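Written out below as structure tokens is the structure these notes cover.
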Amino acid sequence: MNITTKFLNKLYFSRRQKAISHYATQAEALQRKVLSHLVSCAKNTEWGRLHHFADIHSYEDFAQSMEINTYEELKGYIHRMREGEKDVLWRGQVRWFAKSSGTTNNKSKFIPVSKEGLRRIHYLGGSDCISSYLAINPQSRLFSGTAGKSLILGGSHTPNLNTPNSLVGDLSAILIENIPKAVNITRIPEKSVALMEDFEQKRDCIARIAMNLDVRNISGVPSWMLSVLHRMLEISGKQTIDEIWPNLEVFFHGGVAFTPYREQYKNIIRLPHMHYMETYNASEGFFGIQTDLNDPAMMLMIDYDIFYEFIPMEEFGKPNARVLPLWKVEPGVNYAMVISTSCGLWRYQIGDTVKFTQKNPYKFVITGRTKHFINAFGEELIVDNAEKGLEQACIATGAQVKEYTAAPIFMDANAKCRHQWLVEFAKRPSSLDEFAAILDRSLQAINSDYEAKRHKNITLQPLEMIEAQPGLFDLWLKNKGKLGGQHKIPRLSNSREYIEELLKLNENGSMK
């Protein structure tokens, strides 16, 4: 670690490094303290009065005060907040609303982002990424010299209804709009470019600006960052990013699983000191940071303004399903995550599923979405299974997957059914049939329910693999006005809604 980086680490980050070290021994105490703080701050809000927050003195009281909520239960309150009402779900007036893009359908969710949420959740998470990275990489030269820059990708925002000084948009745009001035010294691109609505125009501008600067770290969604980097190579005529940014050392990534993109990044970034750190920063909150570069699991950040609860997936959706605080979870169990935050989300089902790999400190991996899975025939295939299966197929065939989605084909006249995969390759396998067969065998090895349904082809037939034309998924998102930002492809679906749209577009043969 050079002198400047070492000095800044001691001045700004060492205190947080020490605080995070307490996660290993004080998890329950920290979480109970967070809950007490949230309840105290919100006791005079409409929600707080309705649920008797003034009488809550423990987690047990809190758990009995209200049911678990989905967006539908909170939507009416949030709409009133968007219209400018104060003290509804959180104290004061909330002026920012993150337009959730967890799915690509036309139904949007508007997640309130309070000033406390910005400071005590999202920006604290961003700062902790740096502090954690410096703690595990003592050779870092992140802040050496005076010209080092950070490339941060963002979305866009628009006015919120007719409420003065209130905006709605991608979380990344909200963060850039309100980012502390000190961070703006090193952040690129400038705000006017970062918040452009047209992603293709923004990508071009960012590429032309960034290729002439000394970028040390990059942050964003892997798919969209890769698009920017490829555009920069096209404009510059260079073969690898190393030729443009020799001092680049870390990519803080999140939003989608990194596995399908890892080899593509290695192909264009060949720096020996390059690192990749996963983060879990959603519209609803900043939840996790990878704190060991050799361990894909992330550490749950437990002293932010977020109180966590978890529902075992085997009970999810059932009446009287168990809801557990953090200190009651066990490693190896698939859980639906529930949060309460200083943005006014109370016992809110975020829609993501996680599995803990250890306790003290609590580390986890994201396993999928509560709605993004295939269980049409009892196979219970989740995104984590799909990612691992594709990884094995890529290793075996040398292929690289850019995007994919999968859905069931329901029983035909002969009572036969199967899964249908639509895959866009960055590097196609020599044999699509071989790739499909390896994927199918890998899924059986990973998921015993899938294996049982595939047994002797009695229920599930071998999966069907369809190759997508280059650019298909980007075109699909563009047609929906969702190209760029934090928008994602639905990886697995129990219905054929998404895949039918994509197949129709794929058959048209017009990818321009």
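Here's how to read the names in the structure tokens: chain A, B, ... by the order shown, residue numbers from 1 in each chain, ligand numbers from 1 in the order shown.
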
Test item, strand (DSSP E) assignment across segment 247-449 of chain A, answer as JSON, numbers by chain: {"A": [250, 251, 252, 253, 275, 276, 277, 278, 279, 280, 281, 282, 285, 286, 287, 288, 289, 298, 299, 300, 306, 307, 308, 309, 310, 311, 312, 324, 325, 334, 335, 336, 337, 338, 339, 340, 341, 348, 349, 350, 351, 352, 353, 354, 355, 356, 357, 358, 363, 364, 365, 366, 367, 368, 369, 373, 374, 381, 382, 400, 401, 402, 403, 404, 405, 406, 407, 408, 409, 418, 419, 420, 421, 422, 423, 424, 425, 426, 427]}

Residue neighbourhood Arg270 of chain A, 8 Å, only C-alpha atoms, exclusion window fewer than 3 positions, as a PyMOL selection string: chain A and resi 240-242+266-267+274

Long-range neighbours of segment 165-168 of chain A as a ChimeraX atom specification, 12 Å cut-off, only C-alpha atoms, 5 positions minimum in chain: /A:79,81-85,93-100,108-114,155-160,173-175,177-178,283

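Residue nearest His230 of chain A, chosen from A:Ala297, A:Leu248, A:Cys205, A:Ile268 and counting only C-alpha atoms: A:Ile268.
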
Filtered DSSP result for segment 202-291 of chain A, state alpha helix (DSSP H), as a ChimeraX atom specification: /A:202-210,222-236,262-268

Point-to-point distance in Å for atom CA of Glu309 of chain A and atom CA of Thr353 of chain A: 11.7 Å

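Every protein or nucleic acid residue with an atom no more than 9 Å from Glu46 of chain A, counting only C-alpha atoms and leaving out same-chain residues fewer than 2 positions away, appears here: Ala42, Lys43, Asn44, Gly48, Arg49, Leu50, His51, Asp87, Val88, Leu89 and Trp90 of chain A.
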
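The gap separating atom CA of Ile152 of chain A from atom CA of Trp224 of chain A is 11.1 Å, in Å to one decimal.
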
Contact check, segment 232-348 of chain A to segment 474-488 of chain A, at most 10 Å, counting only C-alpha atoms, closest pairs as a Markdown table:
| residue | atom | partner | partner_atom | distance |
| --- | --- | --- | --- | --- |
| A:Gly254 | CA | A:Gln486 | CA | 9.4 |
| A:Gly255 | CA | A:Gln486 | CA | 6.7 |
| A:Val256 | CA | A:Lys488 | CA | 7.3 |
| A:Ala282 | CA | A:Gln486 | CA | 9.1 |
| A:Ser283 | CA | A:Gln486 | CA | 9.3 |

Hey, can you spit out that residue selection with N, CA, C and O atoms as a PDB file, in the first residue's frame?
ATOM      1  N   GLY A 254     -22.261  -5.824  -8.907  1.00  0.00           N
ATOM      2  CA  GLY A 254     -23.468  -6.319  -8.259  1.00  0.00           C
ATOM      3  C   GLY A 254     -24.641  -6.206  -9.209  1.00  0.00           C
ATOM      4  O   GLY A 254     -24.509  -5.765 -10.342  1.00  0.00           O
ATOM      5  N   GLY A 255     -25.808  -6.595  -8.734  1.00  0.00           N
ATOM      6  CA  GLY A 255     -27.021  -6.489  -9.554  1.00  0.00           C
ATOM      7  C   GLY A 255     -27.397  -7.790 -10.215  1.00  0.00           C
ATOM      8  O   GLY A 255     -28.567  -8.159 -10.257  1.00  0.00           O
ATOM      9  N   VAL A 256     -26.413  -8.490 -10.794  1.00  0.00           N
ATOM     10  CA  VAL A 256     -26.631  -9.802 -11.391  1.00  0.00           C
ATOM     11  C   VAL A 256     -25.452 -10.693 -11.037  1.00  0.00           C
ATOM     12  O   VAL A 256     -24.386 -10.207 -10.658  1.00  0.00           O
ATOM     13  N   ALA A 282     -29.200  -3.261  -3.514  1.00  0.00           N
ATOM     14  CA  ALA A 282     -30.476  -3.242  -4.220  1.00  0.00           C
ATOM     15  C   ALA A 282     -31.185  -1.916  -3.982  1.00  0.00           C
ATOM     16  O   ALA A 282     -30.753  -1.102  -3.169  1.00  0.00           O
ATOM     17  N   SER A 283     -32.285  -1.713  -4.694  1.00  0.00           N
ATOM     18  CA  SER A 283     -33.082  -0.493  -4.481  1.00  0.00           C
ATOM     19  C   SER A 283     -33.522  -0.386  -3.027  1.00  0.00           C
ATOM     20  O   SER A 283     -33.633   0.705  -2.469  1.00  0.00           O
TER      21      SER A 283
END

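For the set A:Asp305, A:Glu387, A:Glu249, A:Asp204, the residue with the smallest atom-to-atom gap to Val39 of chain A is A:Asp305, counting only C-alpha atoms.
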
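Using only C-alpha atoms, the shortest contact distance between Ala257 of chain A and any of A:Ile489, A:Met211, A:Ile466, A:Ile218 is found at A:Ile489.
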
Polymer residues at most 6 Å from segment 426-434 of chain A, only C-alpha atoms, same-chain spacing of 3 or more positions, as a VMD selection string: chain A and resid 397 399 to 402 437

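Counting from atom CA of Ala468 of chain A, the distance to atom CA of Leu505 of chain A is 9.6 Å.
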
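Candidate residues A:Tyr498, A:Trp346, A:Tyr335, A:Tyr261 were compared for distance to Pro408 of chain A, and the nearest is A:Tyr498, using only C-alpha atoms.
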
Residues within 12 Å of segment 61-72 of chain A, only C-alpha atoms, excluding chain neighbours under 5 positions, as a ChimeraX atom specification: /A:32,35-36,38-40,43,47-56,77-79,100,107-112,284,307-311,316-317,319-325,336-340,344-351,370

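Close contacts of Gly368 of chain A, defined as residues with an atom at most 6 Å away when counting only C-alpha atoms, with chain neighbours fewer than 2 positions off set aside, comprise Asp352, Thr353, Ile366 and Val383 of chain A.
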
Save the residues we just selected, N, CA, C and O atoms, as an mmCIF file, in the first residue's frame?
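The resulting file, selection-v9.cif, is shown below:
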data_model
loop_
_atom_site.group_PDB
_atom_site.id
_atom_site.type_symbol
_atom_site.label_atom_id
_atom_site.label_comp_id
_atom_site.auth_asym_id
_atom_site.auth_seq_id
_atom_site.Cartn_x
_atom_site.Cartn_y
_atom_site.Cartn_z
ATOM 1 N N ASP A 352 -35.733 -11.594 -2.741
ATOM 2 C CA ASP A 352 -34.517 -12.353 -2.976
ATOM 3 C C ASP A 352 -34.406 -13.512 -2.001
ATOM 4 O O ASP A 352 -34.928 -13.453 -0.880
ATOM 5 N N THR A 353 -33.697 -14.555 -2.422
ATOM 6 C CA THR A 353 -33.434 -15.688 -1.544
ATOM 7 C C THR A 353 -31.930 -15.811 -1.324
ATOM 8 O O THR A 353 -31.132 -15.565 -2.239
ATOM 9 N N ILE A 366 -26.315 -15.244 -2.664
ATOM 10 C CA ILE A 366 -27.654 -15.031 -3.221
ATOM 11 C C ILE A 366 -28.004 -16.259 -4.044
ATOM 12 O O ILE A 366 -27.249 -16.662 -4.923
ATOM 13 N N VAL A 383 -32.110 -20.074 -9.382
ATOM 14 C CA VAL A 383 -31.087 -19.395 -10.172
ATOM 15 C C VAL A 383 -29.689 -19.880 -9.811
ATOM 16 O O VAL A 383 -28.822 -20.036 -10.685
#

Counting only C-alpha atoms, the option among A:Val215, A:Val329, A:Ile446, A:Val423 closest to Asn360 of chain A: A:Val329
